[in-house]
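Participant: Just passing along the structure, written as structure tokens.
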Amino acid sequence: MGMFDGSLSFDQVQRLLQDEEACIRVLFDARWPDGFRCPRCGRSSYSLISTRSLPLYECSRCRKQTSLIAGTVFQGTRTPLRLWFQAIYLHSRPGGVNALQLSEEIGVTYKTAWSICHKLRHAMSHAEAGELLEGWVRIQDAAIIHRATPTLEWQPQEQSVLIGAS
């Protein structure tokens, strides 16, 4: 999705994804770049069930119904997709965004913003969890905690810890 690569401003993303129909098209193209495929039988033909707020796709062969948001970070949400996409954009910026900032920026309650942040961070942490860091690893942010005892000798219970993540 080119809109999340930093080439667009937040205002441009808001204008591009101003309604649910635009968000549905973007999500459909991201989920099924080569067109819809039934998760059960792999067939590409479907019937559109549009009696819900988000469309439901029913396979023409096996009749399996598939929601656009099933199995995604959006599953089970009542928050509009346009707000989710705005949150994704804000999380993708350098430095990210916290729940309080997100709630103010997209106009949702703190509880909703916290839930969105939690789900996005969980999804991002699992996306590449199996890959180890390699090559030169640089630290962007660091926090140094002073030892409780000012002596030069390490106590038996004290250990230095280095934690890394991408």
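Every chain in the structure tokens has a letter given in the order shown (A, B, ...), and although residue numbers restart at 1 in each chain, ligands are simply numbered from 1 in the order shown.
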Give me, as an MDAnalysis selection string, all polymer residues having an atom no more than 10 Å from A:Asn98, counting only C-alpha atoms and skipping those fewer than 3 positions away in the same chain.
Facilitator: chainID A and resid 90:91 95 101:103 113:114 117:118
Participant: Please provide as a PDB file with C-alpha atoms, in the first residue's frame all residues within 7 Å of A:Arg82, with the sequence filter that same-chain residues fewer than 5 positions apart are discarded (counting only C-alpha atoms).
Facilitator:
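File written: out-v6.pdb
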```pdb
ATOM      1  CA  LEU A  17     -10.008   7.384   2.426  1.00  0.00           C
ATOM      2  CA  GLN A  18     -12.809   9.728   3.412  1.00  0.00           C
ATOM      3  CA  ASP A  19     -15.622   7.180   3.224  1.00  0.00           C
ATOM      4  CA  GLU A  20     -16.115   3.485   3.909  1.00  0.00           C
ATOM      5  CA  CYS A  23     -11.604   1.927   2.465  1.00  0.00           C
TER       6      CYS A  23
END
```
Participant: Can you work out which one of A:Pro94, A:Pro80, A:Thr112, A:Val73 has the shortest atom-to-atom distance to A:Ala127, counting only C-alpha atoms?
Facilitator: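 Of the candidates, the smallest distance to A:Ala127 is held by A:Val73.
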Participant: If you run DSSP on the backbone, which residues of stretch 40-159 of chain A are alpha helix (DSSP H), as a PyMOL selection string?
Facilitator: chain A and resi 81-92+99-106+110-127
Participant: What would the file look like if the residues just selected were written as a compact mmCIF listing (two decimals), in the first residue's frame with N, CA, C and O atoms?
Facilitator:
```
# COMPACT_ATOMS: atom_id res chain seq x y z
N LEU A 81 -13.67 1.80 9.14
CA LEU A 81 -12.39 1.48 8.51
C LEU A 81 -11.56 2.71 8.24
O LEU A 81 -10.33 2.67 8.33
N ARG A 82 -12.18 3.84 7.92
CA ARG A 82 -11.42 5.06 7.63
C ARG A 82 -10.59 5.49 8.85
O ARG A 82 -9.46 5.96 8.71
N LEU A 83 -11.13 5.28 10.06
CA LEU A 83 -10.38 5.61 11.27
C LEU A 83 -9.25 4.61 11.50
O LEU A 83 -8.17 4.98 11.95
N TRP A 84 -9.49 3.35 11.17
CA TRP A 84 -8.43 2.34 11.26
C TRP A 84 -7.28 2.69 10.32
O TRP A 84 -6.11 2.59 10.71
N PHE A 85 -7.60 3.07 9.09
CA PHE A 85 -6.55 3.40 8.13
C PHE A 85 -5.78 4.65 8.57
O PHE A 85 -4.56 4.73 8.39
N GLN A 86 -6.47 5.60 9.17
CA GLN A 86 -5.77 6.77 9.70
C GLN A 86 -4.83 6.35 10.83
O GLN A 86 -3.69 6.83 10.91
N ALA A 87 -5.30 5.44 11.68
CA ALA A 87 -4.46 4.94 12.78
C ALA A 87 -3.23 4.20 12.24
O ALA A 87 -2.13 4.36 12.76
N ILE A 88 -3.44 3.40 11.21
CA ILE A 88 -2.31 2.68 10.60
C ILE A 88 -1.29 3.67 10.05
O ILE A 88 -0.08 3.51 10.25
N TYR A 89 -1.77 4.70 9.39
CA TYR A 89 -0.86 5.72 8.86
C TYR A 89 -0.07 6.37 9.99
O TYR A 89 1.15 6.52 9.90
N LEU A 90 -0.75 6.76 11.07
CA LEU A 90 -0.07 7.42 12.19
C LEU A 90 0.92 6.49 12.88
O LEU A 90 1.98 6.92 13.34
N HIS A 91 0.62 5.19 12.94
CA HIS A 91 1.55 4.22 13.53
C HIS A 91 2.76 3.98 12.64
O HIS A 91 3.83 3.62 13.13
N SER A 92 2.60 4.18 11.34
CA SER A 92 3.71 3.90 10.42
C SER A 92 4.72 5.03 10.34
O SER A 92 5.79 4.85 9.76
N ALA A 99 -1.75 5.99 22.48
CA ALA A 99 -3.21 5.93 22.49
C ALA A 99 -3.84 7.31 22.73
O ALA A 99 -4.85 7.65 22.11
N LEU A 100 -3.24 8.11 23.60
CA LEU A 100 -3.79 9.44 23.86
C LEU A 100 -3.69 10.32 22.62
O LEU A 100 -4.65 11.00 22.24
N GLN A 101 -2.53 10.30 21.97
CA GLN A 101 -2.36 11.08 20.74
C GLN A 101 -3.32 10.59 19.66
O GLN A 101 -3.93 11.39 18.95
N LEU A 102 -3.46 9.27 19.54
CA LEU A 102 -4.35 8.71 18.52
C LEU A 102 -5.80 9.11 18.78
O LEU A 102 -6.52 9.48 17.85
N SER A 103 -6.23 9.06 20.04
CA SER A 103 -7.62 9.41 20.34
C SER A 103 -7.91 10.86 19.97
O SER A 103 -8.98 11.17 19.45
N GLU A 104 -6.95 11.74 20.20
CA GLU A 104 -7.13 13.15 19.85
C GLU A 104 -7.08 13.36 18.34
O GLU A 104 -7.84 14.16 17.79
N GLU A 105 -6.20 12.64 17.67
CA GLU A 105 -6.00 12.85 16.23
C GLU A 105 -7.16 12.34 15.39
O GLU A 105 -7.56 12.99 14.43
N ILE A 106 -7.71 11.17 15.73
CA ILE A 106 -8.78 10.62 14.89
C ILE A 106 -10.17 10.76 15.51
O ILE A 106 -11.17 10.36 14.91
N TYR A 110 -10.45 7.27 24.37
CA TYR A 110 -9.15 6.71 24.72
C TYR A 110 -9.20 5.19 24.69
O TYR A 110 -8.27 4.53 24.22
N LYS A 111 -10.31 4.60 25.17
CA LYS A 111 -10.45 3.15 25.21
C LYS A 111 -10.37 2.56 23.80
O LYS A 111 -9.69 1.55 23.57
N THR A 112 -11.05 3.18 22.85
CA THR A 112 -11.01 2.72 21.46
C THR A 112 -9.60 2.89 20.89
O THR A 112 -9.09 1.98 20.23
N ALA A 113 -8.98 4.04 21.15
CA ALA A 113 -7.63 4.28 20.65
C ALA A 113 -6.65 3.28 21.23
O ALA A 113 -5.78 2.76 20.53
N TRP A 114 -6.78 2.98 22.53
CA TRP A 114 -5.89 2.00 23.16
C TRP A 114 -6.06 0.64 22.50
O TRP A 114 -5.08 -0.05 22.23
N SER A 115 -7.31 0.24 22.25
CA SER A 115 -7.57 -1.06 21.62
C SER A 115 -6.97 -1.12 20.21
O SER A 115 -6.35 -2.11 19.83
N ILE A 116 -7.13 -0.05 19.45
CA ILE A 116 -6.55 0.01 18.10
C ILE A 116 -5.04 -0.10 18.17
O ILE A 116 -4.42 -0.89 17.45
N CYS A 117 -4.42 0.69 19.04
CA CYS A 117 -2.96 0.65 19.19
C CYS A 117 -2.49 -0.75 19.59
O CYS A 117 -1.51 -1.26 19.03
N HIS A 118 -3.18 -1.35 20.53
CA HIS A 118 -2.81 -2.69 21.00
C HIS A 118 -2.88 -3.70 19.87
O HIS A 118 -1.95 -4.49 19.66
N LYS A 119 -3.98 -3.68 19.09
CA LYS A 119 -4.14 -4.63 17.99
C LYS A 119 -3.10 -4.41 16.90
O LYS A 119 -2.55 -5.36 16.35
N LEU A 120 -2.81 -3.15 16.58
CA LEU A 120 -1.82 -2.86 15.54
C LEU A 120 -0.42 -3.28 15.99
O LEU A 120 0.33 -3.88 15.21
N ARG A 121 -0.06 -2.99 17.22
CA ARG A 121 1.27 -3.38 17.71
C ARG A 121 1.41 -4.89 17.77
O ARG A 121 2.47 -5.43 17.46
N HIS A 122 0.34 -5.56 18.18
CA HIS A 122 0.37 -7.02 18.24
C HIS A 122 0.57 -7.59 16.83
O HIS A 122 1.40 -8.48 16.62
N ALA A 123 -0.16 -7.07 15.87
CA ALA A 123 -0.03 -7.55 14.49
C ALA A 123 1.37 -7.27 13.94
O ALA A 123 1.96 -8.12 13.27
N MET A 124 1.91 -6.08 14.22
CA MET A 124 3.25 -5.74 13.73
C MET A 124 4.31 -6.61 14.38
O MET A 124 5.27 -7.02 13.72
N SER A 125 4.15 -6.92 15.66
CA SER A 125 5.16 -7.73 16.34
C SER A 125 5.16 -9.17 15.86
O SER A 125 6.19 -9.83 15.87
N HIS A 126 4.02 -9.67 15.41
CA HIS A 126 3.94 -11.04 14.92
C HIS A 126 4.26 -11.17 13.44
O HIS A 126 4.51 -12.27 12.95
N ALA A 127 4.25 -10.06 12.71
CA ALA A 127 4.48 -10.11 11.27
C ALA A 127 5.86 -10.67 10.93
O ALA A 127 6.00 -11.46 10.00
```
Participant: What's around A:Thr66 at 7 Å? Count only C-alpha atoms, leave out sequence neighbours fewer than 2 positions away in its own chain, and write the answer as a list in words.
Facilitator: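 Skipping anything fewer than 2 positions along the chain leaves Leu56, Tyr57, Glu58, Lys64 and Leu68 of chain A.
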Participant: Just the selected residues (N, CA, C and O atoms), exported as a CSV table (one decimal), in the first residue's frame, please.
Facilitator:
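Below you can see part39.csv, which holds the result:
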```
chain,number,residue,atom,x,y,z
A,56,LEU,N,-20.2,-8.9,2.5
A,56,LEU,CA,-19.9,-10.3,2.7
A,56,LEU,C,-19.8,-10.9,1.4
A,56,LEU,O,-20.6,-10.7,0.5
A,57,TYR,N,-18.8,-11.8,1.1
A,57,TYR,CA,-18.6,-12.4,-0.2
A,57,TYR,C,-19.0,-13.9,0.0
A,57,TYR,O,-18.4,-14.6,0.8
A,58,GLU,N,-19.9,-14.4,-0.9
A,58,GLU,CA,-20.3,-15.8,-0.8
A,58,GLU,C,-19.8,-16.5,-2.1
A,58,GLU,O,-20.1,-16.1,-3.2
A,64,LYS,N,-19.5,-20.8,0.8
A,64,LYS,CA,-18.8,-20.2,2.0
A,64,LYS,C,-18.9,-18.7,2.0
A,64,LYS,O,-18.6,-18.1,1.0
A,68,LEU,N,-14.9,-9.4,4.7
A,68,LEU,CA,-13.7,-8.6,4.2
A,68,LEU,C,-12.7,-8.5,5.4
A,68,LEU,O,-11.5,-8.5,5.2
```
Participant: Provide the atom CA of A:Arg93 to atom CA of A:Leu54 distance in Å, to one decimal place.
Facilitator: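 Atom CA of A:Arg93 sits 27.8 Å away from atom CA of A:Leu54.
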Participant: What lies within 10 Å of A:Arg37 using only C-alpha atoms, ignoring chain neighbours under 5 positions off, as a ChimeraX atom specification?
Facilitator: /A:31-32,42-46,57,59,66
Participant: Write out the residues from the selection above, keeping all heavy atoms, as a PDB file, in the first residue's frame.
Facilitator:
```
ATOM      1  N   ARG A  31      -6.239  -7.379   0.374  1.00  0.00           N
ATOM      2  CA  ARG A  31      -6.491  -8.757   0.808  1.00  0.00           C
ATOM      3  C   ARG A  31      -6.445  -9.729  -0.355  1.00  0.00           C
ATOM      4  O   ARG A  31      -5.941 -10.841  -0.229  1.00  0.00           O
ATOM      5  CB  ARG A  31      -7.838  -8.824   1.505  1.00  0.00           C
ATOM      6  CG  ARG A  31      -8.130 -10.212   2.017  1.00  0.00           C
ATOM      7  CD  ARG A  31      -9.127 -10.224   3.096  1.00  0.00           C
ATOM      8  NE  ARG A  31      -9.215 -11.591   3.600  1.00  0.00           N
ATOM      9  CZ  ARG A  31      -9.970 -11.959   4.577  1.00  0.00           C
ATOM     10  NH1 ARG A  31     -10.685 -11.071   5.195  1.00  0.00           N
ATOM     11  NH2 ARG A  31     -10.014 -13.204   4.956  1.00  0.00           N
ATOM     12  N   TRP A  32      -7.013  -9.333  -1.499  1.00  0.00           N
ATOM     13  CA  TRP A  32      -7.071 -10.193  -2.676  1.00  0.00           C
ATOM     14  C   TRP A  32      -6.523  -9.426  -3.881  1.00  0.00           C
ATOM     15  O   TRP A  32      -7.289  -8.964  -4.738  1.00  0.00           O
ATOM     16  CB  TRP A  32      -8.512 -10.647  -2.942  1.00  0.00           C
ATOM     17  CG  TRP A  32      -9.095 -11.464  -1.832  1.00  0.00           C
ATOM     18  CD1 TRP A  32      -8.635 -12.661  -1.371  1.00  0.00           C
ATOM     19  CD2 TRP A  32     -10.258 -11.157  -1.047  1.00  0.00           C
ATOM     20  NE1 TRP A  32      -9.444 -13.124  -0.355  1.00  0.00           N
ATOM     21  CE2 TRP A  32     -10.455 -12.220  -0.137  1.00  0.00           C
ATOM     22  CE3 TRP A  32     -11.165 -10.095  -1.030  1.00  0.00           C
ATOM     23  CZ2 TRP A  32     -11.493 -12.234   0.778  1.00  0.00           C
ATOM     24  CZ3 TRP A  32     -12.202 -10.119  -0.116  1.00  0.00           C
ATOM     25  CH2 TRP A  32     -12.351 -11.180   0.769  1.00  0.00           C
ATOM     26  N   GLY A  42     -11.072 -22.044  -3.335  1.00  0.00           N
ATOM     27  CA  GLY A  42     -10.175 -21.324  -4.232  1.00  0.00           C
ATOM     28  C   GLY A  42     -10.841 -20.728  -5.462  1.00  0.00           C
ATOM     29  O   GLY A  42     -10.164 -20.134  -6.300  1.00  0.00           O
ATOM     30  N   ARG A  43     -12.130 -20.871  -5.593  1.00  0.00           N
ATOM     31  CA  ARG A  43     -12.830 -20.340  -6.765  1.00  0.00           C
ATOM     32  C   ARG A  43     -12.896 -18.818  -6.702  1.00  0.00           C
ATOM     33  O   ARG A  43     -12.977 -18.219  -5.637  1.00  0.00           O
ATOM     34  CB  ARG A  43     -14.236 -20.928  -6.831  1.00  0.00           C
ATOM     35  CG  ARG A  43     -14.925 -20.602  -8.130  1.00  0.00           C
ATOM     36  CD  ARG A  43     -16.230 -21.335  -8.241  1.00  0.00           C
ATOM     37  NE  ARG A  43     -16.854 -20.980  -9.511  1.00  0.00           N
ATOM     38  CZ  ARG A  43     -17.381 -21.837 -10.328  1.00  0.00           C
ATOM     39  NH1 ARG A  43     -17.367 -23.115 -10.023  1.00  0.00           N
ATOM     40  NH2 ARG A  43     -17.939 -21.450 -11.441  1.00  0.00           N
ATOM     41  N   SER A  44     -12.899 -18.168  -7.875  1.00  0.00           N
ATOM     42  CA  SER A  44     -12.875 -16.710  -7.916  1.00  0.00           C
ATOM     43  C   SER A  44     -14.244 -16.067  -8.064  1.00  0.00           C
ATOM     44  O   SER A  44     -14.383 -14.871  -7.837  1.00  0.00           O
ATOM     45  CB  SER A  44     -11.969 -16.240  -9.058  1.00  0.00           C
ATOM     46  OG  SER A  44     -12.495 -16.682 -10.296  1.00  0.00           O
ATOM     47  N   SER A  45     -15.267 -16.830  -8.425  1.00  0.00           N
ATOM     48  CA  SER A  45     -16.583 -16.213  -8.597  1.00  0.00           C
ATOM     49  C   SER A  45     -17.323 -16.169  -7.262  1.00  0.00           C
ATOM     50  O   SER A  45     -17.250 -17.097  -6.462  1.00  0.00           O
ATOM     51  CB  SER A  45     -17.401 -16.976  -9.638  1.00  0.00           C
ATOM     52  OG  SER A  45     -17.620 -18.292  -9.217  1.00  0.00           O
ATOM     53  N   TYR A  46     -18.028 -15.073  -7.044  1.00  0.00           N
ATOM     54  CA  TYR A  46     -18.712 -14.868  -5.771  1.00  0.00           C
ATOM     55  C   TYR A  46     -19.961 -14.024  -5.968  1.00  0.00           C
ATOM     56  O   TYR A  46     -20.126 -13.360  -6.992  1.00  0.00           O
ATOM     57  CB  TYR A  46     -17.795 -14.189  -4.754  1.00  0.00           C
ATOM     58  CG  TYR A  46     -17.370 -12.794  -5.161  1.00  0.00           C
ATOM     59  CD1 TYR A  46     -18.116 -11.678  -4.773  1.00  0.00           C
ATOM     60  CD2 TYR A  46     -16.234 -12.579  -5.917  1.00  0.00           C
ATOM     61  CE1 TYR A  46     -17.729 -10.396  -5.137  1.00  0.00           C
ATOM     62  CE2 TYR A  46     -15.835 -11.315  -6.280  1.00  0.00           C
ATOM     63  CZ  TYR A  46     -16.590 -10.218  -5.889  1.00  0.00           C
ATOM     64  OH  TYR A  46     -16.206  -8.953  -6.253  1.00  0.00           O
ATOM     65  N   TYR A  57     -18.839 -11.787   1.135  1.00  0.00           N
ATOM     66  CA  TYR A  57     -18.625 -12.429  -0.156  1.00  0.00           C
ATOM     67  C   TYR A  57     -18.963 -13.903  -0.021  1.00  0.00           C
ATOM     68  O   TYR A  57     -18.419 -14.589   0.836  1.00  0.00           O
ATOM     69  CB  TYR A  57     -17.177 -12.237  -0.610  1.00  0.00           C
ATOM     70  CG  TYR A  57     -16.805 -10.773  -0.657  1.00  0.00           C
ATOM     71  CD1 TYR A  57     -16.239 -10.139   0.440  1.00  0.00           C
ATOM     72  CD2 TYR A  57     -17.053 -10.020  -1.796  1.00  0.00           C
ATOM     73  CE1 TYR A  57     -15.927  -8.782   0.397  1.00  0.00           C
ATOM     74  CE2 TYR A  57     -16.751  -8.673  -1.845  1.00  0.00           C
ATOM     75  CZ  TYR A  57     -16.186  -8.063  -0.734  1.00  0.00           C
ATOM     76  OH  TYR A  57     -15.893  -6.730  -0.784  1.00  0.00           O
ATOM     77  N   CYS A  59     -19.035 -17.540  -1.916  1.00  0.00           N
ATOM     78  CA  CYS A  59     -18.495 -18.312  -3.033  1.00  0.00           C
ATOM     79  C   CYS A  59     -19.643 -18.907  -3.842  1.00  0.00           C
ATOM     80  O   CYS A  59     -20.593 -19.451  -3.287  1.00  0.00           O
ATOM     81  CB  CYS A  59     -17.580 -19.417  -2.507  1.00  0.00           C
ATOM     82  SG  CYS A  59     -16.930 -20.494  -3.796  1.00  0.00           S
ATOM     83  N   THR A  66     -17.483 -15.168   3.296  1.00  0.00           N
ATOM     84  CA  THR A  66     -16.245 -14.606   3.811  1.00  0.00           C
ATOM     85  C   THR A  66     -16.410 -13.114   4.001  1.00  0.00           C
ATOM     86  O   THR A  66     -16.805 -12.404   3.080  1.00  0.00           O
ATOM     87  CB  THR A  66     -15.079 -14.858   2.833  1.00  0.00           C
ATOM     88  OG1 THR A  66     -14.995 -16.253   2.577  1.00  0.00           O
ATOM     89  CG2 THR A  66     -13.769 -14.363   3.406  1.00  0.00           C
TER      90      THR A  66
END
```
Participant: Please return, as a VMD selection string, all residues of stretch 13-158 of chain A that DSSP assigns to strand (DSSP E or B) on the basis of the backbone.
Facilitator: chain A and resid 46 to 49 56 to 59 65 to 67
